[in-house]
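**Student:** Following this line is upload.cif, made up of mmCIF, C-alpha atoms:
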data_query
#
loop_
_atom_site.label_atom_id
_atom_site.label_comp_id
_atom_site.auth_asym_id
_atom_site.auth_seq_id
_atom_site.Cartn_x
_atom_site.Cartn_y
_atom_site.Cartn_z
CA MET B 1 -69.37 -88.41 13.94
CA SER B 2 -72.44 -86.35 13.11
CA ILE B 3 -72.82 -83.80 10.33
CA LYS B 4 -72.90 -80.47 12.14
CA THR B 5 -72.40 -77.85 9.43
CA ILE B 6 -73.40 -77.88 5.77
CA LEU B 7 -72.22 -75.18 3.36
CA VAL B 8 -74.39 -74.87 0.26
CA ALA B 9 -73.01 -72.76 -2.59
CA LEU B 10 -75.63 -71.66 -5.12
CA ALA B 11 -74.99 -70.20 -8.55
CA LEU B 12 -78.54 -68.73 -8.59
CA GLU B 13 -79.06 -70.09 -12.10
CA ASP B 14 -81.40 -72.70 -13.55
CA GLY B 15 -81.33 -75.81 -11.39
CA CYS B 16 -80.24 -74.07 -8.20
CA LYS B 17 -83.54 -74.82 -6.43
CA ARG B 18 -82.87 -78.56 -6.44
CA VAL B 19 -79.45 -77.91 -4.89
CA ALA B 20 -80.98 -75.67 -2.21
CA ASP B 21 -83.78 -78.16 -1.49
CA ARG B 22 -81.33 -81.05 -1.04
CA ALA B 23 -79.19 -78.97 1.31
CA VAL B 24 -82.25 -78.00 3.36
CA GLN B 25 -83.42 -81.63 3.47
CA LEU B 26 -80.02 -82.86 4.66
CA ALA B 27 -79.72 -80.09 7.25
CA SER B 28 -83.13 -81.06 8.63
CA GLU B 29 -82.34 -84.79 8.59
CA HIS B 30 -79.05 -84.35 10.44
CA GLY B 31 -79.94 -81.38 12.62
CA ALA B 32 -77.09 -79.45 11.04
CA ARG B 33 -76.71 -75.72 10.68
CA LEU B 34 -76.96 -74.52 7.10
CA VAL B 35 -74.70 -71.82 5.68
CA GLY B 36 -75.73 -70.38 2.31
CA LEU B 37 -73.27 -68.83 -0.13
CA HIS B 38 -73.42 -67.13 -3.51
CA VAL B 39 -70.24 -65.98 -5.22
CA MET B 40 -70.32 -63.05 -7.60
CA GLU B 41 -67.40 -63.84 -9.87
CA ALA B 42 -67.39 -60.60 -11.87
CA GLU B 43 -67.53 -56.96 -10.98
CA ALA B 44 -70.45 -54.85 -12.17
CA PRO B 45 -70.35 -54.72 -15.97
CA ALA B 46 -68.25 -51.89 -17.29
CA HIS B 47 -68.99 -52.27 -20.99
CA ALA B 48 -68.31 -49.30 -23.21
CA ASP B 49 -71.85 -49.41 -24.55
CA LEU B 50 -73.46 -48.79 -21.14
CA PRO B 51 -75.08 -45.37 -20.79
CA ALA B 52 -72.70 -42.83 -19.31
CA ALA B 53 -75.23 -42.03 -16.59
CA VAL B 54 -75.04 -45.56 -15.12
CA ASP B 55 -73.49 -45.57 -11.65
CA ALA B 56 -71.31 -48.70 -11.57
CA ASP B 57 -71.22 -48.82 -7.76
CA ALA B 58 -74.99 -48.46 -7.51
CA LEU B 59 -75.43 -51.17 -10.13
CA ALA B 60 -73.15 -53.50 -8.15
CA ARG B 61 -75.18 -52.86 -4.99
CA VAL B 62 -78.43 -53.65 -6.80
CA LEU B 63 -77.00 -56.91 -8.17
CA GLU B 64 -75.84 -57.88 -4.68
CA GLN B 65 -79.23 -57.05 -3.18
CA GLN B 66 -80.97 -59.14 -5.83
CA ALA B 67 -78.66 -62.08 -5.16
CA ALA B 68 -79.23 -61.79 -1.40
CA ALA B 69 -83.01 -61.79 -1.89
CA HIS B 70 -82.80 -64.84 -4.16
CA LEU B 71 -80.61 -66.67 -1.65
CA GLN B 72 -83.03 -65.83 1.16
CA ALA B 73 -85.98 -67.11 -0.87
CA LEU B 74 -84.21 -70.42 -1.52
CA LEU B 75 -82.86 -71.08 1.97
CA GLY B 76 -84.79 -68.88 4.38
CA HIS B 77 -87.25 -71.66 5.22
CA ALA B 78 -84.54 -73.99 6.53
CA ALA B 79 -85.13 -75.20 10.09
CA THR B 80 -81.58 -74.35 11.17
CA PRO B 81 -80.29 -71.51 8.97
CA ASP B 82 -77.08 -69.91 10.13
CA GLN B 83 -75.89 -67.22 7.77
CA LEU B 84 -76.35 -66.27 4.14
CA HIS B 85 -73.36 -64.75 2.38
CA ILE B 86 -72.81 -62.89 -0.88
CA LYS B 87 -69.10 -62.83 -1.67
CA ALA B 88 -66.98 -61.67 -4.59
CA GLY B 89 -64.10 -63.63 -6.09
CA ARG B 90 -63.34 -66.88 -7.87
CA ALA B 91 -66.05 -69.34 -6.92
CA HIS B 92 -63.89 -72.31 -5.93
CA ASP B 93 -61.52 -70.13 -3.88
CA VAL B 94 -64.38 -68.48 -1.96
CA ILE B 95 -66.13 -71.82 -1.38
CA ARG B 96 -62.90 -73.28 0.00
CA GLU B 97 -62.38 -70.26 2.29
CA GLN B 98 -65.94 -70.40 3.63
CA ALA B 99 -65.77 -74.16 4.13
CA GLN B 100 -62.64 -73.65 6.22
CA ALA B 101 -64.06 -70.67 8.10
CA TYR B 102 -67.16 -72.59 9.17
CA ALA B 103 -65.37 -75.95 9.57
CA ALA B 104 -67.99 -77.37 7.20
CA ASP B 105 -68.52 -81.12 7.32
CA LEU B 106 -70.10 -81.12 3.87
CA VAL B 107 -70.22 -78.78 0.86
CA VAL B 108 -73.28 -78.96 -1.42
CA ILE B 109 -73.09 -77.57 -4.95
CA GLY B 110 -74.62 -78.01 -8.40
CA PRO B 111 -72.82 -79.75 -11.27
CA GLY B 112 -72.22 -76.59 -13.27
CA ALA B 113 -70.95 -76.79 -16.84
CA ALA B 114 -67.78 -75.90 -18.70
CA ARG B 115 -68.48 -72.45 -20.13
CA ASN B 116 -65.27 -71.87 -22.10
CA LEU B 117 -62.14 -73.62 -23.40
CA ARG B 118 -60.25 -73.13 -20.13
CA GLU B 119 -62.98 -74.82 -18.13
CA LYS B 120 -63.17 -77.65 -20.68
CA VAL B 121 -59.47 -78.27 -20.11
CA PHE B 122 -59.11 -77.59 -16.40
CA GLY B 123 -62.64 -78.34 -15.23
CA SER B 124 -65.77 -76.47 -14.21
CA THR B 125 -66.31 -74.86 -10.83
CA ALA B 126 -67.60 -78.19 -9.51
CA ASP B 127 -64.39 -79.94 -10.64
CA ARG B 128 -62.27 -77.31 -8.93
CA VAL B 129 -64.28 -77.34 -5.71
CA VAL B 130 -63.91 -81.12 -5.47
CA ARG B 131 -60.16 -80.77 -5.88
CA CYS B 132 -59.57 -77.92 -3.44
CA VAL B 133 -61.86 -78.41 -0.40
CA GLU B 134 -60.88 -80.76 2.38
CA CYS B 135 -64.35 -82.07 3.24
CA PRO B 136 -66.72 -84.22 1.14
CA VAL B 137 -68.59 -82.48 -1.67
CA LEU B 138 -72.12 -83.41 -2.70
CA VAL B 139 -72.89 -82.52 -6.31
CA VAL B 140 -76.66 -82.37 -6.78
CA ARG B 141 -78.22 -83.24 -10.14
CA SER B 142 -81.72 -84.44 -9.20
CA ALA B 143 -84.63 -82.75 -7.46
CA PRO B 144 -84.98 -84.34 -4.00
CA ALA B 145 -88.32 -86.00 -3.31
CA ASP B 146 -87.13 -87.57 -0.07
CA PRO B 147 -83.94 -88.78 1.66
CA TYR B 148 -81.66 -91.02 -0.38
CA ARG B 149 -83.05 -94.56 -0.56
CA ARG B 150 -80.26 -96.36 -2.42
CA VAL B 151 -76.59 -95.45 -2.61
CA VAL B 152 -73.92 -97.02 -4.81
CA VAL B 153 -70.35 -96.78 -3.48
CA GLY B 154 -67.32 -97.42 -5.66
CA VAL B 155 -64.68 -99.40 -3.74
CA ASP B 156 -61.14 -100.46 -4.60
CA PHE B 157 -59.81 -101.36 -1.11
CA SER B 158 -57.87 -98.10 -0.78
CA GLY B 159 -58.02 -95.63 2.08
CA HIS B 160 -60.05 -93.12 0.09
CA ALA B 161 -62.55 -95.85 -0.85
CA GLU B 162 -62.94 -96.68 2.83
CA ALA B 163 -63.68 -93.01 3.48
CA ALA B 164 -66.33 -93.06 0.74
CA VAL B 165 -67.96 -96.13 2.31
CA ALA B 166 -68.07 -94.48 5.72
CA TRP B 167 -69.39 -91.19 4.39
CA ALA B 168 -72.12 -92.87 2.35
CA GLY B 169 -73.41 -94.41 5.58
CA ARG B 170 -73.01 -91.15 7.44
CA LEU B 171 -74.85 -89.03 4.88
CA ALA B 172 -77.66 -91.50 4.16
CA PRO B 173 -77.96 -93.74 7.23
CA SER B 174 -81.34 -95.19 6.24
CA ALA B 175 -80.43 -95.96 2.62
CA VAL B 176 -79.65 -99.33 1.13
CA ARG B 177 -75.99 -99.40 0.16
CA GLU B 178 -74.42 -101.29 -2.71
CA PHE B 179 -70.64 -101.61 -2.71
CA VAL B 180 -69.37 -101.99 -6.28
CA HIS B 181 -65.86 -103.12 -7.15
CA SER B 182 -64.79 -103.04 -10.79
CA MET B 183 -62.26 -105.63 -11.92
CA GLU B 184 -60.52 -105.57 -15.27
CA ILE B 185 -58.48 -108.36 -16.85
CA PRO B 186 -56.64 -106.73 -19.77
CA LEU B 187 -57.56 -108.18 -23.15
CA GLN B 188 -53.89 -108.47 -23.99
CA PHE B 189 -53.40 -110.72 -20.94
CA GLU B 190 -56.32 -112.98 -21.90
CA GLN B 191 -54.97 -113.22 -25.45
CA ALA B 192 -51.56 -114.17 -24.07
CA MET B 193 -53.20 -116.90 -21.97
CA LEU B 194 -54.87 -118.29 -25.10
CA LEU B 195 -51.59 -118.24 -27.01
CA ALA B 196 -49.97 -120.05 -24.09
CA GLY B 197 -52.46 -122.89 -24.50
CA THR B 198 -55.03 -121.92 -21.86
CA SER B 199 -58.56 -122.97 -22.81
CA GLN B 200 -61.46 -120.52 -22.83
CA ALA B 201 -63.08 -122.56 -20.08
CA GLU B 202 -59.97 -122.23 -17.90
CA ILE B 203 -59.85 -118.48 -18.54
CA GLU B 204 -63.49 -118.21 -17.47
CA ARG B 205 -62.76 -120.17 -14.26
CA TYR B 206 -59.83 -117.85 -13.62
CA ARG B 207 -62.09 -114.82 -14.09
CA MET B 208 -64.77 -116.22 -11.76
CA ALA B 209 -62.15 -117.08 -9.13
CA ARG B 210 -60.90 -113.49 -9.18
CA ILE B 211 -64.44 -112.18 -8.86
CA GLU B 212 -65.14 -114.42 -5.87
CA ALA B 213 -61.84 -113.44 -4.23
CA ALA B 214 -62.70 -109.76 -4.67
CA ARG B 215 -66.17 -110.30 -3.18
CA GLU B 216 -64.65 -112.02 -0.13
CA LYS B 217 -62.13 -109.21 0.21
CA MET B 218 -65.00 -106.68 0.23
CA VAL B 219 -66.64 -108.51 3.14
CA VAL B 220 -63.36 -108.51 5.07
CA ALA B 221 -62.62 -104.85 4.29
CA TYR B 222 -66.08 -103.37 4.90
CA GLY B 223 -67.87 -105.92 7.04
CA GLU B 224 -67.57 -107.37 10.51
CA ASN B 225 -67.41 -110.98 11.68
CA GLY B 226 -67.64 -112.21 8.11
CA ARG B 227 -70.77 -110.24 7.27
CA LEU B 228 -71.52 -106.95 5.57
CA PRO B 229 -73.52 -104.32 7.50
CA LYS B 230 -77.31 -104.55 7.39
CA ARG B 231 -79.00 -103.26 4.23
CA THR B 232 -75.70 -103.59 2.35
CA THR B 233 -74.80 -105.69 -0.68
CA ALA B 234 -71.52 -106.25 -2.52
CA ARG B 235 -71.14 -106.59 -6.27
CA VAL B 236 -68.05 -107.27 -8.38
CA VAL B 237 -68.26 -106.13 -11.99
CA HIS B 238 -65.89 -106.77 -14.87
CA GLY B 239 -65.18 -103.45 -16.54
CA ASP B 240 -63.93 -99.89 -16.21
CA PRO B 241 -64.67 -98.37 -12.74
CA ALA B 242 -65.97 -95.01 -13.95
CA SER B 243 -68.17 -96.53 -16.66
CA THR B 244 -69.54 -99.06 -14.17
CA LEU B 245 -70.50 -96.37 -11.66
CA CYS B 246 -72.03 -94.11 -14.32
CA LYS B 247 -74.10 -97.05 -15.55
CA ALA B 248 -75.22 -97.80 -11.98
CA SER B 249 -76.26 -94.15 -11.55
CA ARG B 250 -78.88 -94.60 -14.27
CA ARG B 251 -80.80 -97.30 -12.41
CA ARG B 252 -84.14 -95.92 -11.25
CA ALA B 253 -83.74 -96.56 -7.52
CA VAL B 254 -80.20 -95.14 -7.23
CA GLY B 255 -80.18 -91.57 -5.92
CA LEU B 256 -76.52 -91.20 -5.02
CA VAL B 257 -73.13 -92.49 -6.13
CA ALA B 258 -70.25 -92.10 -3.67
CA VAL B 259 -66.64 -92.19 -4.75
CA GLY B 260 -63.35 -91.46 -3.03
CA THR B 261 -60.54 -89.43 -4.52
CA GLN B 262 -56.86 -89.06 -3.76
CA GLY B 263 -57.10 -85.32 -4.40
CA LEU B 264 -54.92 -85.17 -7.49
CA ASN B 265 -53.81 -81.71 -8.54
CA VAL B 266 -55.33 -80.05 -11.58
CA VAL B 267 -52.68 -81.18 -14.08
CA ALA B 268 -52.55 -84.78 -12.87
CA SER B 269 -56.33 -85.00 -12.80
CA HIS B 270 -56.54 -83.77 -16.38
CA LEU B 271 -53.79 -86.01 -17.73
CA LEU B 272 -54.71 -89.17 -15.83
CA GLY B 273 -58.50 -88.82 -15.92
CA SER B 274 -59.45 -89.75 -12.37
CA VAL B 275 -62.43 -92.02 -11.74
CA ALA B 276 -63.98 -89.32 -9.56
CA ARG B 277 -63.83 -86.72 -12.30
CA LYS B 278 -65.33 -89.08 -14.89
CA VAL B 279 -68.16 -90.02 -12.53
CA LEU B 280 -68.72 -86.36 -11.69
CA SER B 281 -69.24 -85.52 -15.37
CA GLY B 282 -71.06 -88.67 -16.44
CA ALA B 283 -73.34 -89.72 -13.58
CA ALA B 284 -77.10 -89.35 -13.96
CA CYS B 285 -77.77 -88.89 -10.23
CA ASP B 286 -76.19 -87.00 -7.32
CA VAL B 287 -72.52 -87.66 -6.64
CA LEU B 288 -70.72 -87.59 -3.29
CA VAL B 289 -66.98 -87.06 -3.73
CA VAL B 290 -64.95 -87.87 -0.62
CA PRO B 291 -61.33 -86.66 -0.56
CA ALA B 292 -58.55 -88.54 1.15
CA THR B 293 -58.37 -85.71 3.72
CA ALA B 294 -61.82 -86.77 5.00
CA ALA B 295 -60.65 -90.29 5.87
CA ASP B 296 -59.68 -89.45 9.45
CA ALA B 297 -63.12 -88.03 10.26
CA THR B 298 -65.21 -91.01 9.20
CA GLY B 299 -65.03 -93.06 12.34
CA GLY B 300 -65.02 -96.38 10.50
CA ALA B 301 -66.44 -97.90 7.37
CA SER B 302 -69.80 -99.17 8.56
#
Reformat the file's structure so that it appears as structure tokens.
**Tutor:**
Amino acid sequence: MSIKTILVALALEDGCKRVADRAVQLASEHGARLVGLHVMEAEAPAHADLPAAVDADALARVLEQQAAAHLQALLGHAATPDQLHIKAGRAHDVIREQAQAYAADLVVIGPGAARNLREKVFGSTADRVVRCVECPVLVVRSAPADPYRRVVVGVDFSGHAEAAVAWAGRLAPSAVREFVHSMEIPLQFEQAMLLAGTSQAEIERYRMARIEAAREKMVVAYGENGRLPKRTTARVVHGDPASTLCKASRRRAVGLVAVGTQGLNVVASHLLGSVARKVLSGAACDVLVVPATAADATGGAS
């Protein structure tokens, strides 16, 4: 399936130009319509120290006009612009509503930052958008010089990982893809093997056998006729999945990390610490988060 509609939500703060430029580049590459959105989360300031002569309604209109002009300057040069919207409300709620209204295939946002204690606990706007929208979300960190050239995809043989594989190919069809599976053998288990009389050499053979089995499983899961798709490699790494993907994001050639998510609710995500959330906060490059709800629209993993 093609990418037909991209919704880009801009905070109109430092760094928003790179988000706008990536959205414009992707819309041009895929021939998609581009919908621009800015959410004004607060009403016009009503501080007691404002001059009494200030007209709050007029001030709100001026702020909205300024935001509209800024949005137009960032996105007006797109080849296929659709509409530019200035909306009021909670950012993640408005983004979800607009994504549904336009049947967006992809939402593009910036990483944002936790601005207060509540956001440090429950997540920034980017965290909340990833949890509440039903389509993939691209979180842009880097200024785009060109289309993505190399994409790292975290895989664990689940349905949401399959969706991430498919969407990585869909979003960046010309990029080299690297499927990364992280495998952990608990230290306690290895220590138990030693206490049971297993030699270090036998433990190493056991570890290598598991790595090879995982690599073969990747070929079966994401390849065809015993081979991975063209311009695709598979790598099995011993370690924590989130740390592995964040480390991969720091390699010079990697422009995008794709990861699937089961769409845990806010409390579960906070308590369990999902891989997607850790990658979202720790990656050095752009991150594509693909929810489980996007699995049915991928049309396969290749």
**Student:** How many Å separate CA of Gly260 in chain B from CA of Thr244 in chain B?
**Tutor:**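 Computing it gives 14.8 Å between the two atoms.
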**Student:** From the options B:Ala196, B:Ala175, B:Ala166, B:Ala20, which residue's atoms come nearest to Gln72 in chain B, counting all atoms listed in the file?
**Tutor:** B:Ala20
**Student:** Spell out the residues picked by the PyMOL selection byres ((chain B and resi 99) around 10) here, as a tab-separated table (two decimals) with C-alpha atoms, keeping the file's coordinate frame.
**Tutor:**
chain	number	residue	atom	x	y	z
B	5	THR	CA	-72.40	-77.85	9.43
B	6	ILE	CA	-73.40	-77.88	5.77
B	7	LEU	CA	-72.22	-75.18	3.36
B	8	VAL	CA	-74.39	-74.87	0.26
B	9	ALA	CA	-73.01	-72.76	-2.59
B	35	VAL	CA	-74.70	-71.82	5.68
B	93	ASP	CA	-61.52	-70.13	-3.88
B	94	VAL	CA	-64.38	-68.48	-1.96
B	95	ILE	CA	-66.13	-71.82	-1.38
B	96	ARG	CA	-62.90	-73.28	0.00
B	97	GLU	CA	-62.38	-70.26	2.29
B	98	GLN	CA	-65.94	-70.40	3.63
B	100	GLN	CA	-62.64	-73.65	6.22
B	101	ALA	CA	-64.06	-70.67	8.10
B	102	TYR	CA	-67.16	-72.59	9.17
B	103	ALA	CA	-65.37	-75.95	9.57
B	104	ALA	CA	-67.99	-77.37	7.20
B	105	ASP	CA	-68.52	-81.12	7.32
B	106	LEU	CA	-70.10	-81.12	3.87
B	107	VAL	CA	-70.22	-78.78	0.86
B	133	VAL	CA	-61.86	-78.41	-0.40
B	134	GLU	CA	-60.88	-80.76	2.38
B	135	CYS	CA	-64.35	-82.07	3.24
**Student:** As a check of understanding, name the residues that the PyMOL selection byres ((chain B and resi 2) around 12) selects in the supplied structure, as a ChimeraX atom specification.
**Tutor:** /B:1,3-6,26-27,29-33,104-106,166-167,169-173,297-299
**Student:** Convert the output of the PyMOL selection byres ((chain B and resi 205-220) around 9) on the shown file into explicit residues, formatted as a list in words.
**Tutor:**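 Selected by the PyMOL selection byres ((chain B and resi 205-220) around 9) in this file: Val155, Asp156, Phe157, Phe179, His181, Met183, Ile185, Gln200, Ala201, Glu202, Ile203, Glu204, Ala221, Tyr222, Gly223, Glu224, Asn225, Gly226, Arg227, Leu228, Ala234, Arg235, Val236, Val237 and His238 of chain B.
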**Student:** Which one of B:Val39, B:Leu71, B:Ala58, B:Ala284 sits closest to Ala91 in chain B if you count all atoms listed in the file?
**Tutor:**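 Result for the nearest residue to Ala91 in chain B: B:Val39.
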**Student:** Let me make sure I understand: among B:Arg131, B:Arg141, B:Arg177, B:Arg150, which one has the smallest atom-to-atom distance to Gly112 in chain B if we use all atoms listed in the file?
**Tutor:**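 Selected residue with least distance to Gly112 in chain B: B:Arg141.
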**Student:** Quick one: pull the distance between CA of Gly76 in chain B and CA of Thr125 in chain B, Å, one decimal.
**Tutor:**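 For CA of Gly76 in chain B relative to CA of Thr125 in chain B, the distance reads 24.7 Å.
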**Student:** Just to confirm, what's the straight-line distance from CA of Val287 in chain B to CA of Val139 in chain B in Å (one decimal)?
**Tutor:**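 Straight-line distance from CA of Val287 in chain B to CA of Val139 in chain B works out to 5.2 Å.
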